[in-house]
Amino acid sequence: MSADRLYLRHSTDKQTDARQRHALAALLAAGAPAYEDPATSSRVLSLYRDGFKQLLDEAAVGDTIRIADAARLFRSVADIIALRPVLIRRGLHLRVESGLLSGIDLASDDPGTKMMVSVLAAVLEFQRDMISENTREGVAAAEAAGKTLGRPAALDEGEVVELVEAYREGAAVKALARQYDIAPKTVRRVLDAAGARDVPDDLSDLLDGDGQDDVGGNVQAVAADPVAVVDVPGLVAENLADVADDAVRQALAAGQTIRRGQGYSVRVTAPFSVHAAMIEHSATALMQSPAGRKAHRIHSDRVTSARITP
């Protein structure tokens, strides 16, 4: 029996999916499963988004993907060119719930629909590009007028230097947030701007004990390659599935899968050298998307936190 599957997306943390949920209210009330990609740019092709990939994994032949408006799923010609063959091959339907397109299956394999969808995608892509262009022009005009953009800085230059040095000496993000009376995400932004949270090229800093005698007072130096338990984000684990490093694959295979809402992580017990290798092997692929960068950051922070914990 075919089923309806709902897809929702918004581009930034400041946006919500309230309007989309309103358009899909009847289907949500009927219990149709919903798949979401929050804070995900439309520049990330739909086939590479975590929520939509899960939808495709769970969908069966004859199922219908329903969206509040076309821009939630695709906003470029390249995206729809890549997407439509996948939907057609899997026998899936795609319908918009409101507006002029509400009666059309956008995954229909006929020349008329193909042309219409391509034109629609081109229009949506043009709208997105115009928004970006207008934003850049507005920023340039404001800077030329001498205006300071954004919120006032939470820390002065001296405090930034102190914070970065404290982090590099082993202070935790949350402890620094309490010390400077700012949000943890502000601490992370400051550290990222200073490059303090970048993964070292050889990752040796994750394996040695330099500076650890000062963490928490008189803490003894850690062993050369101690074992630690780290929850590896699911997206990171997926990128490591086919890695050539046997130690990494074996550690993941022996890990415990932990479900968290629609996502999951793999709890891995392994030496720090293996955790560091996971970061190194997955970094390049994960940097290609916002979701990947977030997963990489979370994973790196967890490994670092495990390293400095007495």
# chains A, B, ... in the order shown; residues from 1 in each chain; ligands from 1
>>> select_by_dssp(residues="region 133-168 of chain A", states="helix (DSSP H, G or I)", output="list in words")
Glu133, Asn134, Thr135, Arg136, Glu137, Gly138, Val139, Ala140, Ala141, Ala142, Glu143, Ala144, Glu157, Gly158, Glu159, Val160, Val161, Glu162, Leu163, Val164, Glu165, Ala166, Tyr167 and Arg168 of chain A
>>> residues_around(residues="Leu56 (chain A)", least_positions_apart="6", cutoff="10 Å", atoms="only C-alpha atoms", output="PyMOL selection string")
chain A and resi 5+35+47+65+86-87+90+92
>>> atom_distance(atom1="CA of Pro38 (chain A)", atom2="CA of Ser76 (chain A)")
18.7 Å
>>> closest_atom_pairs(of="region 10-91 of chain A", to="region 116-123 of chain A", cutoff="10 Å", atoms="only C-alpha atoms", output="JSON lines")
{"residue": "A:Ala70", "atom": "CA", "partner": "A:Ala121", "partner_atom": "CA", "distance": 8.5}
{"residue": "A:Ala71", "atom": "CA", "partner": "A:Ala121", "partner_atom": "CA", "distance": 8.3}
{"residue": "A:Phe74", "atom": "CA", "partner": "A:Ala121", "partner_atom": "CA", "distance": 7.0}
{"residue": "A:Arg75", "atom": "CA", "partner": "A:Ala121", "partner_atom": "CA", "distance": 5.6}
{"residue": "A:Ser76", "atom": "CA", "partner": "A:Ala121", "partner_atom": "CA", "distance": 5.0}
{"residue": "A:Val77", "atom": "CA", "partner": "A:Ala121", "partner_atom": "CA", "distance": 5.1}
{"residue": "A:Ala78", "atom": "CA", "partner": "A:Ala121", "partner_atom": "CA", "distance": 8.5}
{"residue": "A:Asp79", "atom": "CA", "partner": "A:Ala121", "partner_atom": "CA", "distance": 8.2}
{"residue": "A:Ile80", "atom": "CA", "partner": "A:Ala121", "partner_atom": "CA", "distance": 7.0}
{"residue": "A:Ile81", "atom": "CA", "partner": "A:Ser118", "partner_atom": "CA", "distance": 7.8}
{"residue": "A:Arg84", "atom": "CA", "partner": "A:Val117", "partner_atom": "CA", "distance": 9.4}
>>> atom_distance(atom1="CA of Lys294 (chain A)", atom2="CA of Asp156 (chain A)")
26.5 Å
>>> residues_around(residues="Leu286 (chain A)", least_positions_apart="2", cutoff="8 Å", atoms="only C-alpha atoms", output="list in words")
Val236, Asn239, Ser282, Ala283, Thr284, Gln288, Ser289, Ala291, Gly292, Arg293, Ala295 and His296 of chain A
>>> write_last_selection(atoms="N, CA and C atoms", output="PDB file, in the first residue's frame")
ATOM      1  N   VAL A 236      29.205  11.056  10.362  1.00  0.00           N
ATOM      2  CA  VAL A 236      30.639  10.760  10.338  1.00  0.00           C
ATOM      3  C   VAL A 236      30.856   9.264  10.123  1.00  0.00           C
ATOM      4  N   ASN A 239      30.394   8.215   6.566  1.00  0.00           N
ATOM      5  CA  ASN A 239      31.506   8.599   5.694  1.00  0.00           C
ATOM      6  C   ASN A 239      32.731   7.723   5.896  1.00  0.00           C
ATOM      7  N   SER A 282      37.663  11.528   7.675  1.00  0.00           N
ATOM      8  CA  SER A 282      36.326  12.029   7.316  1.00  0.00           C
ATOM      9  C   SER A 282      36.283  13.525   7.053  1.00  0.00           C
ATOM     10  N   ALA A 283      37.330  14.265   7.438  1.00  0.00           N
ATOM     11  CA  ALA A 283      37.276  15.729   7.399  1.00  0.00           C
ATOM     12  C   ALA A 283      36.970  16.275   6.003  1.00  0.00           C
ATOM     13  N   THR A 284      37.684  15.804   4.983  1.00  0.00           N
ATOM     14  CA  THR A 284      37.531  16.372   3.637  1.00  0.00           C
ATOM     15  C   THR A 284      36.110  16.226   3.106  1.00  0.00           C
ATOM     16  N   GLN A 288      32.080  19.458   2.846  1.00  0.00           N
ATOM     17  CA  GLN A 288      31.356  19.828   1.626  1.00  0.00           C
ATOM     18  C   GLN A 288      29.932  20.292   1.878  1.00  0.00           C
ATOM     19  N   SER A 289      29.418  20.175   3.099  1.00  0.00           N
ATOM     20  CA  SER A 289      28.032  20.566   3.367  1.00  0.00           C
ATOM     21  C   SER A 289      27.914  21.108   4.787  1.00  0.00           C
ATOM     22  N   ALA A 291      25.693  20.359   7.070  1.00  0.00           N
ATOM     23  CA  ALA A 291      25.453  19.249   7.991  1.00  0.00           C
ATOM     24  C   ALA A 291      26.742  18.489   8.272  1.00  0.00           C
ATOM     25  N   GLY A 292      27.563  18.326   7.225  1.00  0.00           N
ATOM     26  CA  GLY A 292      28.833  17.636   7.404  1.00  0.00           C
ATOM     27  C   GLY A 292      29.787  18.417   8.285  1.00  0.00           C
ATOM     28  N   ARG A 293      29.843  19.748   8.086  1.00  0.00           N
ATOM     29  CA  ARG A 293      30.721  20.577   8.915  1.00  0.00           C
ATOM     30  C   ARG A 293      30.285  20.537  10.369  1.00  0.00           C
ATOM     31  N   ALA A 295      28.652  18.038  11.865  1.00  0.00           N
ATOM     32  CA  ALA A 295      28.989  16.714  12.395  1.00  0.00           C
ATOM     33  C   ALA A 295      30.486  16.618  12.691  1.00  0.00           C
ATOM     34  N   HIS A 296      31.305  17.174  11.798  1.00  0.00           N
ATOM     35  CA  HIS A 296      32.763  17.168  11.995  1.00  0.00           C
ATOM     36  C   HIS A 296      33.138  17.940  13.259  1.00  0.00           C
TER      37      HIS A 296
END
>>> atom_distance(atom1="CA of Ser305 (chain A)", atom2="CA of Gln179 (chain A)")
17.9 Å
>>> residues_around(residues="Arg9 (chain A)", least_positions_apart="3", cutoff="7 Å", atoms="only C-alpha atoms", output="VMD selection string")
chain A and resid 17 36 to 38 40 72
>>> write_last_selection(atoms="all heavy atoms", output="mmCIF file, in the first residue's frame")
data_model
loop_
_atom_site.group_PDB
_atom_site.id
_atom_site.type_symbol
_atom_site.label_atom_id
_atom_site.label_comp_id
_atom_site.auth_asym_id
_atom_site.auth_seq_id
_atom_site.Cartn_x
_atom_site.Cartn_y
_atom_site.Cartn_z
ATOM 1 N N ASP A 17 9.816 25.965 10.452
ATOM 2 C CA ASP A 17 9.012 25.286 9.431
ATOM 3 C C ASP A 17 7.517 25.433 9.715
ATOM 4 O O ASP A 17 6.715 24.621 9.262
ATOM 5 C CB ASP A 17 9.392 23.803 9.346
ATOM 6 C CG ASP A 17 9.285 23.102 10.692
ATOM 7 O OD1 ASP A 17 8.700 23.695 11.628
ATOM 8 O OD2 ASP A 17 9.775 21.968 10.820
ATOM 9 N N GLU A 36 12.916 15.944 8.043
ATOM 10 C CA GLU A 36 13.311 17.346 8.083
ATOM 11 C C GLU A 36 14.801 17.536 7.844
ATOM 12 O O GLU A 36 15.621 16.693 8.217
ATOM 13 C CB GLU A 36 12.938 17.961 9.433
ATOM 14 C CG GLU A 36 11.451 17.917 9.748
ATOM 15 C CD GLU A 36 11.122 18.625 11.052
ATOM 16 O OE1 GLU A 36 11.487 19.806 11.186
ATOM 17 O OE2 GLU A 36 10.528 17.992 11.941
ATOM 18 N N ASP A 37 15.139 18.680 7.237
ATOM 19 C CA ASP A 37 16.521 19.136 7.109
ATOM 20 C C ASP A 37 16.573 20.567 7.616
ATOM 21 O O ASP A 37 16.527 21.530 6.841
ATOM 22 C CB ASP A 37 16.990 19.064 5.647
ATOM 23 C CG ASP A 37 17.449 17.667 5.267
ATOM 24 O OD1 ASP A 37 18.246 17.083 6.012
ATOM 25 O OD2 ASP A 37 16.996 17.161 4.231
ATOM 26 N N PRO A 38 16.647 20.764 8.929
ATOM 27 C CA PRO A 38 16.688 22.117 9.472
ATOM 28 C C PRO A 38 18.029 22.786 9.230
ATOM 29 O O PRO A 38 19.065 22.120 9.129
ATOM 30 C CB PRO A 38 16.451 21.883 10.970
ATOM 31 C CG PRO A 38 16.980 20.503 11.216
ATOM 32 C CD PRO A 38 16.671 19.727 9.969
ATOM 33 N N THR A 40 19.474 24.042 6.683
ATOM 34 C CA THR A 40 20.190 23.458 5.548
ATOM 35 C C THR A 40 19.976 24.324 4.314
ATOM 36 O O THR A 40 18.838 24.550 3.905
ATOM 37 C CB THR A 40 19.688 22.030 5.267
ATOM 38 O OG1 THR A 40 19.874 21.222 6.436
ATOM 39 C CG2 THR A 40 20.440 21.410 4.104
ATOM 40 N N ARG A 72 11.332 24.142 -1.121
ATOM 41 C CA ARG A 72 11.792 23.396 0.065
ATOM 42 C C ARG A 72 12.650 22.211 -0.348
ATOM 43 O O ARG A 72 13.522 21.774 0.394
ATOM 44 C CB ARG A 72 10.603 22.893 0.887
ATOM 45 C CG ARG A 72 9.698 23.944 1.494
ATOM 46 C CD ARG A 72 10.483 24.976 2.282
ATOM 47 N NE ARG A 72 10.815 26.147 1.479
ATOM 48 C CZ ARG A 72 11.842 26.951 1.722
ATOM 49 N NH1 ARG A 72 12.687 26.674 2.704
ATOM 50 N NH2 ARG A 72 12.057 27.994 0.963
#
>>> residues_around(residues="His93 (chain A)", least_positions_apart="6", cutoff="9 Å", atoms="only C-alpha atoms", output="mmCIF file with C-alpha atoms, in the first residue's frame")
data_model
loop_
_atom_site.group_PDB
_atom_site.id
_atom_site.type_symbol
_atom_site.label_atom_id
_atom_site.label_comp_id
_atom_site.auth_asym_id
_atom_site.auth_seq_id
_atom_site.Cartn_x
_atom_site.Cartn_y
_atom_site.Cartn_z
ATOM 1 C CA VAL A 61 7.501 2.028 -4.751
ATOM 2 C CA GLY A 62 4.317 4.060 -5.209
ATOM 3 C CA ASP A 63 4.876 6.342 -2.209
ATOM 4 C CA THR A 64 4.277 10.076 -2.636
ATOM 5 C CA ILE A 65 6.675 12.743 -1.376
ATOM 6 C CA ARG A 66 4.686 15.811 -0.374
ATOM 7 C CA LEU A 87 12.440 9.451 -8.117
ATOM 8 C CA ASP A 105 3.122 14.919 -10.135
ATOM 9 C CA LEU A 106 6.520 16.587 -10.554
ATOM 10 C CA ALA A 107 8.183 13.182 -10.856
ATOM 11 C CA SER A 108 6.066 12.190 -13.854
#
>>> select_by_dssp(residues="region 46-266 of chain A", states="strand (DSSP E)", output="VMD selection string")
chain A and resid 64 to 67 93 to 96 227 to 233 256 to 260 263 to 266
>>> residues_around(residues="region 265-277 of chain A", least_positions_apart="4", cutoff="8 Å", atoms="only C-alpha atoms", output="PyMOL selection string")
chain A and resi 203+206-207+225-234+237+247-248+251-252+254-260+281+303+307
>>> write_last_selection(atoms="C-alpha atoms", output="CSV table (one decimal), in the first residue's frame")
chain,number,residue,atom,x,y,z
A,203,LEU,CA,46.7,15.2,14.5
A,206,LEU,CA,45.3,14.7,20.0
A,207,LEU,CA,47.7,11.9,20.9
A,225,ASP,CA,47.7,6.1,23.5
A,226,PRO,CA,44.9,5.7,26.1
A,227,VAL,CA,41.5,4.2,25.3
A,228,ALA,CA,38.5,6.5,25.3
A,229,VAL,CA,34.8,6.2,24.6
A,230,VAL,CA,33.4,8.7,22.1
A,231,ASP,CA,30.0,9.0,20.5
A,232,VAL,CA,30.6,9.3,16.7
A,233,PRO,CA,27.8,11.2,14.9
A,234,GLY,CA,26.0,9.0,12.4
A,237,ALA,CA,30.2,7.0,10.8
A,247,ALA,CA,41.4,-0.2,12.8
A,248,VAL,CA,38.8,2.5,12.1
A,251,ALA,CA,36.2,0.1,15.9
A,252,LEU,CA,33.0,1.3,14.2
A,254,ALA,CA,32.2,-3.0,17.4
A,255,GLY,CA,30.5,0.2,18.4
A,256,GLN,CA,27.0,0.6,19.9
A,257,THR,CA,24.4,2.4,17.8
A,258,ILE,CA,22.5,5.0,19.9
A,259,ARG,CA,19.3,6.5,18.4
A,260,ARG,CA,18.5,10.1,19.1
A,281,HIS,CA,39.7,10.3,7.2
A,303,VAL,CA,37.4,13.6,20.9
A,307,ARG,CA,41.4,13.7,25.7
